[in-house]
$ cat final-v2.txt   # compact mmCIF, C-alpha atoms and all ligand atoms
# COMPACT_ATOMS: atom_id res chain seq x y z
CA MET F 1 -35.51 -18.30 -45.88
CA THR F 2 -35.07 -21.77 -47.31
CA THR F 3 -33.06 -24.52 -45.70
CA THR F 4 -30.89 -25.00 -48.77
CA THR F 5 -27.24 -25.24 -47.85
CA THR F 6 -24.49 -24.40 -50.25
CA ALA F 7 -22.23 -27.40 -50.50
CA THR F 8 -19.50 -25.29 -52.08
CA PRO F 9 -16.18 -26.06 -50.39
CA ARG F 10 -14.35 -23.17 -48.74
CA PRO F 11 -11.36 -22.92 -51.04
CA GLY F 12 -9.52 -20.39 -48.91
CA ALA F 13 -9.46 -22.74 -45.93
CA GLY F 14 -6.66 -24.82 -47.41
CA LYS F 15 -4.52 -21.75 -47.93
CA ALA F 16 -3.99 -21.04 -44.26
CA ARG F 17 -0.31 -20.70 -43.52
CA SER F 18 -0.54 -23.08 -40.62
CA GLY F 19 -3.39 -25.44 -39.85
CA SER F 20 -3.17 -24.51 -36.20
CA ALA F 21 -3.09 -20.73 -36.65
CA PRO F 22 -6.17 -19.05 -35.18
CA ALA F 23 -8.52 -17.36 -37.62
CA ILE F 24 -7.69 -14.03 -36.00
CA GLU F 25 -4.84 -13.05 -33.72
CA ALA F 26 -4.47 -9.36 -32.95
CA ALA F 27 -2.22 -7.65 -30.43
CA GLY F 28 -2.13 -4.00 -29.44
CA LEU F 29 -4.07 -2.68 -32.43
CA VAL F 30 -4.25 1.10 -32.48
CA LYS F 31 -5.94 3.51 -34.90
CA SER F 32 -6.39 7.23 -34.46
CA PHE F 33 -8.34 9.69 -36.57
CA GLY F 34 -6.89 13.09 -35.78
CA SER F 35 -7.14 13.43 -32.02
CA THR F 36 -9.67 10.57 -31.73
CA ARG F 37 -8.08 7.31 -30.63
CA ALA F 38 -10.76 5.11 -32.23
CA VAL F 39 -8.98 1.85 -31.37
CA ASP F 40 -6.69 2.05 -28.36
CA GLY F 41 -4.76 -1.23 -28.04
CA VAL F 42 -7.10 -4.09 -28.91
CA ASP F 43 -6.03 -7.73 -28.40
CA LEU F 44 -8.16 -10.53 -29.86
CA VAL F 45 -7.79 -14.26 -30.50
CA VAL F 46 -10.51 -15.99 -32.48
CA PRO F 47 -10.17 -19.77 -32.94
CA THR F 48 -11.16 -21.21 -36.32
CA GLY F 49 -14.74 -22.40 -36.62
CA THR F 50 -16.16 -20.15 -33.91
CA VAL F 51 -18.35 -17.07 -33.75
CA TYR F 52 -16.72 -14.20 -31.93
CA GLY F 53 -18.91 -11.34 -30.82
CA VAL F 54 -17.57 -7.80 -30.51
CA LEU F 55 -20.05 -5.93 -28.44
CA GLY F 56 -20.04 -2.21 -27.87
CA PRO F 57 -22.02 1.01 -28.08
CA ASN F 58 -21.89 3.58 -30.92
CA GLY F 59 -18.39 4.86 -31.49
CA ALA F 60 -16.73 2.11 -29.42
CA GLY F 61 -14.34 1.27 -32.26
CA LYS F 62 -15.98 -1.87 -33.67
CA THR F 63 -15.98 -0.91 -37.35
CA THR F 64 -12.46 0.52 -37.12
CA THR F 65 -11.22 -2.75 -35.58
CA VAL F 66 -12.93 -4.84 -38.27
CA SER F 67 -11.56 -2.58 -41.02
CA MET F 68 -8.00 -3.12 -39.80
CA LEU F 69 -8.45 -6.90 -39.53
CA ALA F 70 -9.91 -7.00 -43.04
CA THR F 71 -7.02 -4.93 -44.50
CA LEU F 72 -9.32 -1.99 -45.33
CA LEU F 73 -7.47 0.28 -42.88
CA ARG F 74 -3.82 0.23 -41.92
CA PRO F 75 -3.16 0.01 -38.17
CA ASP F 76 -1.09 2.84 -36.61
CA ALA F 77 0.41 0.32 -34.19
CA GLY F 78 0.10 -3.30 -33.14
CA GLU F 79 -0.25 -6.29 -35.38
CA ALA F 80 -2.84 -8.75 -36.59
CA ARG F 81 -2.71 -12.10 -38.34
CA ILE F 82 -5.51 -13.83 -40.22
CA PHE F 83 -4.93 -17.61 -40.43
CA GLY F 84 -1.28 -16.78 -39.82
CA TYR F 85 -1.04 -14.06 -42.50
CA ASP F 86 -0.07 -10.56 -41.45
CA VAL F 87 -2.71 -7.96 -42.36
CA THR F 88 -0.09 -5.44 -43.45
CA ARG F 89 2.68 -7.55 -45.01
CA ASP F 90 0.46 -10.31 -46.47
CA ALA F 91 -2.58 -8.18 -47.25
CA VAL F 92 -3.25 -9.89 -50.59
CA ALA F 93 -3.37 -13.33 -48.98
CA VAL F 94 -5.57 -12.02 -46.19
CA ARG F 95 -8.01 -10.52 -48.68
CA SER F 96 -8.49 -13.90 -50.33
CA LEU F 97 -9.47 -15.40 -46.97
CA VAL F 98 -11.99 -12.86 -45.71
CA GLY F 99 -15.44 -11.62 -46.61
CA VAL F 100 -16.72 -8.32 -45.25
CA THR F 101 -20.29 -7.13 -45.27
CA GLY F 102 -20.66 -3.49 -46.10
CA GLN F 103 -17.81 -3.79 -48.58
CA TYR F 104 -20.34 -4.05 -51.40
CA ALA F 105 -22.28 -0.96 -50.41
CA SER F 106 -21.41 0.80 -53.65
CA VAL F 107 -23.57 -1.50 -55.74
CA ASP F 108 -25.47 -0.26 -58.75
CA GLU F 109 -28.91 0.93 -57.70
CA ASP F 110 -30.39 0.45 -61.17
CA LEU F 111 -29.28 -3.17 -61.47
CA THR F 112 -31.48 -5.94 -60.09
CA GLY F 113 -30.47 -8.09 -57.11
CA ARG F 114 -29.55 -10.90 -59.47
CA GLU F 115 -27.56 -8.64 -61.81
CA ASN F 116 -25.61 -7.27 -58.85
CA LEU F 117 -24.64 -10.74 -57.66
CA VAL F 118 -23.69 -11.84 -61.18
CA LEU F 119 -21.58 -8.69 -61.53
CA PHE F 120 -19.70 -9.35 -58.28
CA SER F 121 -19.21 -13.01 -59.22
CA ARG F 122 -17.73 -11.97 -62.56
CA LEU F 123 -15.46 -9.46 -60.77
CA LEU F 124 -14.27 -12.30 -58.54
CA GLY F 125 -13.31 -14.28 -61.63
CA LEU F 126 -16.19 -16.73 -61.96
CA SER F 127 -17.24 -17.67 -65.50
CA ARG F 128 -20.51 -16.31 -66.83
CA PRO F 129 -22.49 -19.58 -66.33
CA ALA F 130 -20.90 -20.14 -62.89
CA SER F 131 -21.77 -16.56 -61.92
CA ARG F 132 -25.42 -17.10 -62.85
CA THR F 133 -25.60 -20.35 -60.90
CA ARG F 134 -23.90 -18.79 -57.85
CA ALA F 135 -26.22 -15.76 -57.98
CA ASP F 136 -29.32 -17.97 -58.16
CA ASP F 137 -28.10 -20.23 -55.32
CA LEU F 138 -27.47 -17.22 -53.09
CA LEU F 139 -30.78 -15.54 -53.94
CA GLU F 140 -32.54 -18.78 -53.03
CA GLU F 141 -30.56 -19.24 -49.83
CA PHE F 142 -31.28 -15.69 -48.68
CA GLY F 143 -34.96 -15.74 -49.55
CA LEU F 144 -34.43 -13.09 -52.23
CA THR F 145 -35.80 -14.95 -55.24
CA ASP F 146 -38.82 -12.64 -55.43
CA ALA F 147 -36.54 -9.62 -55.30
CA ALA F 148 -34.11 -11.00 -57.87
CA THR F 149 -35.63 -9.11 -60.78
CA ARG F 150 -36.24 -5.82 -58.96
CA PRO F 151 -33.74 -2.96 -59.11
CA LEU F 152 -31.84 -2.37 -55.91
CA LYS F 153 -33.34 1.08 -55.42
CA GLU F 154 -36.65 -0.65 -54.63
CA PHE F 155 -35.12 -2.88 -51.92
CA SER F 156 -36.06 -2.53 -48.25
CA GLY F 157 -33.34 -2.23 -45.62
CA GLY F 158 -33.64 -5.92 -44.73
CA MET F 159 -33.39 -6.99 -48.38
CA ARG F 160 -30.30 -4.84 -48.86
CA ARG F 161 -28.67 -6.36 -45.78
CA ARG F 162 -29.32 -9.86 -47.05
CA LEU F 163 -28.05 -9.04 -50.53
CA ASP F 164 -24.96 -7.52 -48.93
CA LEU F 165 -24.32 -10.69 -46.93
CA ALA F 166 -25.01 -12.82 -50.03
CA ALA F 167 -22.46 -10.77 -51.99
CA SER F 168 -19.83 -11.29 -49.29
CA LEU F 169 -20.35 -15.06 -49.59
CA ILE F 170 -19.78 -15.40 -53.34
CA ALA F 171 -16.18 -16.46 -52.87
CA THR F 172 -17.06 -18.65 -49.82
CA PRO F 173 -14.35 -17.09 -47.66
CA PRO F 174 -13.37 -19.06 -44.53
CA LEU F 175 -13.55 -15.92 -42.35
CA LEU F 176 -16.44 -13.49 -42.39
CA PHE F 177 -16.65 -10.08 -40.78
CA LEU F 178 -20.26 -9.15 -40.18
CA ASP F 179 -20.46 -5.55 -39.01
CA GLU F 180 -23.78 -5.13 -37.22
CA PRO F 181 -25.58 -7.54 -39.56
CA THR F 182 -29.00 -7.07 -37.97
CA THR F 183 -29.09 -3.45 -36.86
CA GLY F 184 -32.41 -1.98 -37.87
CA LEU F 185 -33.94 -5.26 -39.04
CA ASP F 186 -37.38 -6.40 -37.90
CA PRO F 187 -37.47 -9.37 -35.50
CA ARG F 188 -38.38 -11.94 -38.16
CA THR F 189 -35.62 -10.83 -40.54
CA ARG F 190 -33.18 -10.77 -37.61
CA ALA F 191 -34.06 -14.35 -36.74
CA GLN F 192 -33.52 -15.37 -40.38
CA MET F 193 -30.14 -13.67 -40.35
CA TRP F 194 -29.23 -15.55 -37.16
CA ASP F 195 -30.17 -18.85 -38.83
CA THR F 196 -28.03 -17.96 -41.82
CA ILE F 197 -25.05 -17.14 -39.61
CA ARG F 198 -25.45 -20.42 -37.68
CA ARG F 199 -25.58 -22.32 -40.96
CA LEU F 200 -22.41 -20.63 -42.22
CA VAL F 201 -20.59 -21.68 -39.07
CA ALA F 202 -21.97 -25.22 -39.32
CA ASP F 203 -20.52 -25.27 -42.85
CA GLY F 204 -17.09 -24.42 -41.44
CA ALA F 205 -16.85 -20.63 -41.54
CA THR F 206 -15.39 -18.50 -38.76
CA VAL F 207 -17.39 -15.37 -38.03
CA LEU F 208 -16.49 -12.13 -36.30
CA LEU F 209 -19.70 -10.32 -35.59
CA THR F 210 -20.04 -6.83 -34.23
CA THR F 211 -23.25 -5.91 -32.53
CA GLN F 212 -24.89 -3.46 -30.19
CA TYR F 213 -27.44 -6.11 -29.28
CA LEU F 214 -26.56 -8.06 -26.19
CA ASP F 215 -29.07 -10.80 -26.96
CA GLU F 216 -27.51 -11.25 -30.38
CA ALA F 217 -24.06 -11.85 -28.91
CA ASP F 218 -25.65 -14.13 -26.34
CA GLN F 219 -27.46 -16.14 -29.04
CA LEU F 220 -24.68 -16.47 -31.59
CA ALA F 221 -21.25 -15.94 -30.13
CA ASP F 222 -19.01 -18.59 -28.57
CA ARG F 223 -16.97 -15.82 -27.01
CA ILE F 224 -17.62 -12.13 -26.61
CA ALA F 225 -15.32 -9.13 -26.28
CA VAL F 226 -16.97 -6.06 -24.80
CA ILE F 227 -15.36 -2.94 -26.19
CA ASP F 228 -15.76 0.65 -25.16
CA HIS F 229 -13.71 3.74 -26.04
CA GLY F 230 -11.43 1.63 -28.27
CA ARG F 231 -10.48 -0.90 -25.60
CA VAL F 232 -11.53 -4.44 -24.73
CA ILE F 233 -12.97 -4.02 -21.25
CA ALA F 234 -14.11 -7.61 -20.73
CA ASP F 235 -14.10 -10.89 -22.61
CA GLY F 236 -15.26 -14.43 -22.15
CA THR F 237 -18.24 -16.64 -22.88
CA ALA F 238 -21.68 -15.14 -22.33
CA ALA F 239 -21.96 -17.32 -19.21
CA GLU F 240 -18.61 -16.11 -17.86
CA LEU F 241 -19.52 -12.48 -18.44
CA LYS F 242 -22.83 -12.99 -16.67
CA GLN F 243 -21.12 -14.75 -13.80
CA SER F 244 -18.70 -11.87 -13.39
CA VAL F 245 -21.65 -9.67 -12.53
CA GLY F 246 -23.25 -11.90 -10.00
CA GLY F 247 -25.10 -15.14 -9.51
CA SER F 248 -28.45 -16.20 -10.84
CA THR F 249 -31.87 -15.68 -9.35
CA LEU F 250 -34.58 -18.12 -8.31
CA MET F 251 -38.18 -17.05 -8.90
CA LEU F 252 -41.21 -18.95 -7.66
CA THR F 253 -44.94 -18.38 -8.03
CA PRO F 254 -47.36 -20.50 -5.99
CA VAL F 255 -50.59 -21.79 -7.54
CA ASP F 256 -52.47 -20.22 -4.64
CA ARG F 257 -51.45 -16.57 -4.32
CA ALA F 258 -52.29 -16.66 -0.63
CA ASP F 259 -49.31 -19.01 -0.12
CA VAL F 260 -46.75 -16.43 -1.20
CA ALA F 261 -45.68 -15.41 2.32
CA ARG F 262 -45.24 -19.04 3.38
CA VAL F 263 -43.25 -19.72 0.21
CA ALA F 264 -40.97 -16.80 1.07
CA GLN F 265 -40.45 -18.16 4.56
CA ILE F 266 -39.65 -21.69 3.34
CA VAL F 267 -37.32 -20.50 0.56
CA GLY F 268 -35.53 -18.20 2.99
CA GLY F 269 -35.18 -21.09 5.43
CA VAL F 270 -33.59 -23.39 2.86
CA LEU F 271 -31.35 -20.86 1.14
CA GLY F 272 -30.52 -18.95 4.30
CA ASP F 273 -30.53 -15.78 2.26
CA ARG F 274 -32.41 -12.59 1.66
CA VAL F 275 -35.72 -13.27 -0.09
CA VAL F 276 -37.76 -10.68 -1.95
CA LEU F 277 -41.48 -11.10 -1.83
CA SER F 278 -43.78 -9.46 -4.34
CA ALA F 279 -47.28 -10.01 -2.97
CA GLU F 280 -48.77 -8.19 -5.94
CA ALA F 281 -47.15 -10.51 -8.48
CA ALA F 282 -47.46 -13.46 -6.07
CA ARG F 283 -43.78 -14.05 -6.69
CA VAL F 284 -40.84 -14.85 -4.47
CA THR F 285 -37.36 -13.95 -5.69
CA ALA F 286 -34.11 -15.07 -4.09
CA PRO F 287 -30.44 -14.85 -5.07
CA LEU F 288 -28.83 -18.21 -5.92
CA HIS F 289 -25.24 -19.27 -5.40
CA GLY F 290 -25.22 -22.31 -7.67
CA THR F 291 -28.25 -24.50 -8.27
CA ASP F 292 -27.49 -27.19 -5.68
CA LEU F 293 -30.18 -26.06 -3.28
CA VAL F 294 -33.00 -25.74 -5.82
CA PRO F 295 -34.20 -29.37 -5.35
CA ASP F 296 -34.14 -28.84 -1.56
CA VAL F 297 -36.39 -25.81 -1.97
CA LEU F 298 -38.85 -27.83 -4.04
CA ILE F 299 -38.85 -30.75 -1.58
CA ALA F 300 -39.45 -28.39 1.36
CA LEU F 301 -42.38 -26.79 -0.46
CA ARG F 302 -43.89 -30.17 -1.32
CA ASP F 303 -43.51 -31.33 2.29
CA LYS F 304 -45.58 -28.31 3.36
CA GLY F 305 -48.17 -29.15 0.69
CA ILE F 306 -47.58 -25.99 -1.37
CA GLU F 307 -48.12 -26.29 -5.10
CA ILE F 308 -45.88 -24.19 -7.33
CA GLU F 309 -47.11 -22.79 -10.63
CA THR F 310 -43.83 -21.52 -12.08
CA ILE F 311 -40.21 -21.87 -11.07
CA THR F 312 -37.51 -19.99 -12.94
CA VAL F 313 -33.75 -19.83 -12.55
CA ALA F 314 -32.69 -16.63 -14.31
CA GLN F 315 -29.16 -15.58 -15.15
CA PRO F 316 -28.38 -11.86 -15.33
CA SER F 317 -28.91 -10.56 -18.86
CA LEU F 318 -26.00 -9.34 -20.92
CA ASP F 319 -27.54 -5.87 -20.68
CA GLU F 320 -26.97 -5.98 -16.95
CA VAL F 321 -23.45 -7.26 -17.60
CA PHE F 322 -22.75 -4.40 -19.95
CA LEU F 323 -24.06 -1.82 -17.52
CA ALA F 324 -22.07 -3.33 -14.69
CA ILE F 325 -18.83 -3.31 -16.71
CA THR F 326 -19.11 0.06 -18.39
CA GLY F 327 -21.07 1.80 -15.68
CA ASP F 328 -22.52 3.63 -18.66
CA LYS F 329 -26.01 4.85 -19.32
CA GLU F 330 -25.56 4.78 -23.07
CA ALA F 331 -25.59 0.98 -23.49
N1 LIG Q 1 -12.92 7.88 -40.97
C1 LIG Q 1 -13.02 8.45 -39.77
N2 LIG Q 1 -12.61 9.70 -39.54
C2 LIG Q 1 -12.68 10.26 -38.34
N3 LIG Q 1 -13.14 9.65 -37.25
C3 LIG Q 1 -13.58 8.39 -37.37
C4 LIG Q 1 -13.54 7.72 -38.64
N4 LIG Q 1 -14.02 6.47 -38.46
C5 LIG Q 1 -14.36 6.38 -37.17
N5 LIG Q 1 -14.09 7.52 -36.51
C6 LIG Q 1 -14.27 7.76 -35.06
O1 LIG Q 1 -13.66 6.68 -34.37
C7 LIG Q 1 -14.47 6.24 -33.29
C8 LIG Q 1 -14.83 4.78 -33.45
O2 LIG Q 1 -15.68 4.64 -34.58
P1 LIG Q 1 -16.19 3.26 -35.11
O3 LIG Q 1 -16.91 3.52 -36.38
O4 LIG Q 1 -15.08 2.28 -35.16
O5 LIG Q 1 -17.22 2.85 -33.96
P2 LIG Q 1 -18.30 1.68 -33.94
O6 LIG Q 1 -18.08 0.93 -32.67
O7 LIG Q 1 -18.27 0.94 -35.21
O8 LIG Q 1 -19.67 2.50 -33.80
P3 LIG Q 1 -21.13 2.20 -34.41
O9 LIG Q 1 -21.79 1.28 -33.47
O10 LIG Q 1 -21.78 3.56 -34.40
O11 LIG Q 1 -20.96 1.67 -35.79
C9 LIG Q 1 -15.66 7.20 -33.25
O12 LIG Q 1 -15.37 8.21 -32.34
C10 LIG Q 1 -15.73 7.73 -34.67
O13 LIG Q 1 -16.30 9.01 -34.68
MG MG Q 2 -19.65 0.60 -36.70
$ encode --input "final-v2.txt" --output "structure tokens"
Amino acid sequence: MTTTTTATPRPGAGKARSGSAPAIEAAGLVKSFGSTRAVDGVDLVVPTGTVYGVLGPNGAGKTTTVSMLATLLRPDAGEARIFGYDVTRDAVAVRSLVGVTGQYASVDEDLTGRENLVLFSRLLGLSRPASRTRADDLLEEFGLTDAATRPLKEFSGGMRRRLDLAASLIATPPLLFLDEPTTGLDPRTRAQMWDTIRRLVADGATVLLTTQYLDEADQLADRIAVIDHGRVIADGTAAELKQSVGGSTLMLTPVDRADVARVAQIVGGVLGDRVVLSAEAARVTAPLHGTDLVPDVLIALRDKGIEIETITVAQPSLDEVFLAITGDKEA
């Protein structure tokens, strides 16, 4: 991926009904399919200019929620506003303000990547020369220049995903819904996608991102809603969610493995807490309540002449958070 940024202004941004309206404001959203209550009373507030992560396992209701916010599905109950516009009553205005990945899935398999982007640009009302320029800019930005002249049917999954995101950016919408943008991508392509998302936000976009990957939400999202069985079961910053599960952990490895028992004794003495000693890994692990006492631990070790090879303060991972909240094995 290149570092080219598109300097195109976000035309939709000026159309917001009120400058202070959040990008998304949803209350009590409900959607059922037959007897399945896919979304069961979801509330969300997403401030403009932020990345909001919606995290949940298969079938949690992520796509259904996004579809209602993007006017692709009509809610059974509840309401939602996008930059102050109601998704049901002002659907046309909302559509001009949002981009959705996956929306362009029905592209022509025989057309090349470039032809597809030109086609969508033309459909969005750009002139022929403007469409070509926009297509070329996006192909460059998404590292798809080599694929530009190949028909879509020859694209890999990662290439398709990037073309899909590129297509959703033609109109430079101020709010983007990215529904599992990196599921199934290899680590390098995932990292490129993350860079792209960060750049979009730096350029002023607001992003609602659904994901099953806890590290993805941790990396990208300012705030995260954890959803399960159609309900928001927890929300907050990644740090807040981690804190709700428990404190962090201090891990120490002495240079001389033979010191591990003494290290455990000293650490236990300073922290006054239960210390776990792994003689095999030559590692001492202790729960931390804040980081205030970490310097005291280090000073005590130095005073006893013990050299430390590694010291780590680890927060619980979002995986642990998810397990703790849902109590589920499926996460
Ligand atoms: N068009 C539909 N008709 C019937 N049931 C549906 C439909 N769309 C979704 N569902 C059901 O609603 C629930 C929520 O589905 P949804 O697609 O919103 O989940 P999701 O969180 O996006 O899952 P995934 O991670 O697999 O994409 C599931 O039980 C699903 O089977
Ligand atoms: Mg989904």
$ residues_near_ligand --input "final-v2.txt" --ligand "ligand LIG 1 (chain Q)" --cutoff "7 Å" --atoms "all atoms listed in the file" --output "ChimeraX atom specification"
/F:33-34,36-39,56-65,212,230
$ closest_residue --input "final-v2.txt" --among "F:Gly28, F:Gly49, F:Gly41, F:Pro287" --to "Leu208 in chain F" --atoms "all atoms listed in the file"
F:Gly49
$ closest_residue --input "final-v2.txt" --among "F:Ala171, F:Ala261, F:Ala221, F:Leu178" --to "ligand MG 2 (chain Q)" --atoms "all atoms listed in the file"
F:Leu178
$ atom_distance --input "final-v2.txt" --atom1 "CA of Arg162 in chain F" --atom2 "CA of Ser96 in chain F"
21.5 Å
$ atom_distance --input "final-v2.txt" --atom1 "CA of Ala191 in chain F" --atom2 "CA of Met68 in chain F"
28.5 Å
$ closest_residue --input "final-v2.txt" --among "F:Val51, F:Glu109, F:Phe177, F:Gly125" --to "ligand MG 2 (chain Q)" --atoms "only C-alpha atoms and all ligand atoms"
F:Phe177
$ closest_residue --input "final-v2.txt" --among "F:Val30, F:Leu209, F:Leu117, F:Ala130" --to "ligand MG 2 (chain Q)" --atoms "only C-alpha atoms and all ligand atoms"
F:Leu209
$ closest_residue --input "final-v2.txt" --among "F:Ile227, F:Leu126, F:Leu318, F:Leu176" --to "ligand MG 2 (chain Q)" --atoms "all atoms listed in the file"
F:Ile227
$ closest_residue --input "final-v2.txt" --among "F:Ser35, F:Ser317, F:Ser20, F:Thr326" --to "Asp228 in chain F" --atoms "all atoms listed in the file"
F:Thr326
$ residues_near_point --input "final-v2.txt" --point "(-27.3, -5.5, -48.5)" --cutoff "12 Å" --atoms "all atoms listed in the file" --output "PyMOL selection string"
chain F and resi 100-109+113+116-117+139+142+144+152-153+155-169+178-183+185+193
$ atom_distance --input "final-v2.txt" --atom1 "CA of Gly99 in chain F" --atom2 "CA of Ala80 in chain F"
16.4 Å
$ residues_around --input "final-v2.txt" --residues "Val46 in chain F" --least-positions-apart "4" --cutoff "6 Å" --atoms "all atoms listed in the file" --output "VMD selection string"
chain F and resid 22 to 24
$ residues_near_point --input "final-v2.txt" --point "(-4.7, -14.6, -48.8)" --cutoff "9 Å" --atoms "only C-alpha atoms" --output "PyMOL selection string"
chain F and resi 12+15-16+82-83+85+90-98
$ residues_around --input "final-v2.txt" --residues "Asp76 in chain F" --least-positions-apart "5" --cutoff "9 Å" --atoms "all atoms listed in the file" --output "VMD selection string"
chain F and resid 29 to 32
$ write_last_selection --input "final-v2.txt" --atoms "C-alpha atoms" --output "compact mmCIF listing (two decimals), in the coordinates of the input"
# COMPACT_ATOMS: atom_id res chain seq x y z
CA LEU F 29 -4.07 -2.68 -32.43
CA VAL F 30 -4.25 1.10 -32.48
CA LYS F 31 -5.94 3.51 -34.90
CA SER F 32 -6.39 7.23 -34.46
$ build_atoms --input "final-v2.txt" --residues "range 200-214 of chain F" --atoms "N, CA, C and O atoms" --output "short mmCIF file (atom, residue, chain, number, x, y, z; two decimals), keeping the file's coordinate frame"
data_model
loop_
_atom_site.label_atom_id
_atom_site.label_comp_id
_atom_site.auth_asym_id
_atom_site.auth_seq_id
_atom_site.Cartn_x
_atom_site.Cartn_y
_atom_site.Cartn_z
N LEU F 200 -23.75 -20.89 -41.70
CA LEU F 200 -22.41 -20.63 -42.22
C LEU F 200 -21.36 -21.25 -41.32
O LEU F 200 -20.38 -21.83 -41.79
N VAL F 201 -21.56 -21.13 -40.02
CA VAL F 201 -20.59 -21.68 -39.07
C VAL F 201 -20.64 -23.20 -39.10
O VAL F 201 -19.60 -23.87 -39.08
N ALA F 202 -21.85 -23.76 -39.22
CA ALA F 202 -21.97 -25.22 -39.32
C ALA F 202 -21.24 -25.73 -40.56
O ALA F 202 -20.70 -26.83 -40.57
N ASP F 203 -21.22 -24.91 -41.61
CA ASP F 203 -20.52 -25.27 -42.85
C ASP F 203 -19.01 -25.03 -42.76
O ASP F 203 -18.29 -25.21 -43.73
N GLY F 204 -18.53 -24.54 -41.62
CA GLY F 204 -17.09 -24.42 -41.44
C GLY F 204 -16.53 -23.02 -41.41
O GLY F 204 -15.32 -22.84 -41.27
N ALA F 205 -17.37 -22.00 -41.54
CA ALA F 205 -16.85 -20.63 -41.54
C ALA F 205 -16.54 -20.16 -40.11
O ALA F 205 -17.09 -20.68 -39.15
N THR F 206 -15.64 -19.20 -40.02
CA THR F 206 -15.39 -18.50 -38.76
C THR F 206 -16.02 -17.12 -38.93
O THR F 206 -15.91 -16.53 -40.00
N VAL F 207 -16.69 -16.63 -37.91
CA VAL F 207 -17.39 -15.37 -38.03
C VAL F 207 -16.98 -14.41 -36.91
O VAL F 207 -16.95 -14.80 -35.75
N LEU F 208 -16.62 -13.19 -37.30
CA LEU F 208 -16.49 -12.13 -36.30
C LEU F 208 -17.66 -11.19 -36.54
O LEU F 208 -17.86 -10.68 -37.64
N LEU F 209 -18.44 -11.04 -35.49
CA LEU F 209 -19.70 -10.32 -35.59
C LEU F 209 -19.67 -9.13 -34.65
O LEU F 209 -19.38 -9.30 -33.47
N THR F 210 -19.91 -7.94 -35.17
CA THR F 210 -20.04 -6.83 -34.23
C THR F 210 -21.52 -6.58 -34.00
O THR F 210 -22.35 -6.82 -34.88
N THR F 211 -21.85 -6.15 -32.83
CA THR F 211 -23.25 -5.91 -32.53
C THR F 211 -23.40 -4.95 -31.37
O THR F 211 -22.51 -4.82 -30.53
N GLN F 212 -24.53 -4.26 -31.36
CA GLN F 212 -24.89 -3.46 -30.19
C GLN F 212 -25.93 -4.21 -29.38
O GLN F 212 -26.36 -3.75 -28.34
N TYR F 213 -26.38 -5.36 -29.94
CA TYR F 213 -27.44 -6.11 -29.28
C TYR F 213 -26.85 -7.21 -28.41
O TYR F 213 -26.20 -8.13 -28.90
N LEU F 214 -27.11 -7.10 -27.13
CA LEU F 214 -26.56 -8.06 -26.19
C LEU F 214 -27.17 -9.43 -26.42
O LEU F 214 -26.48 -10.44 -26.36
#
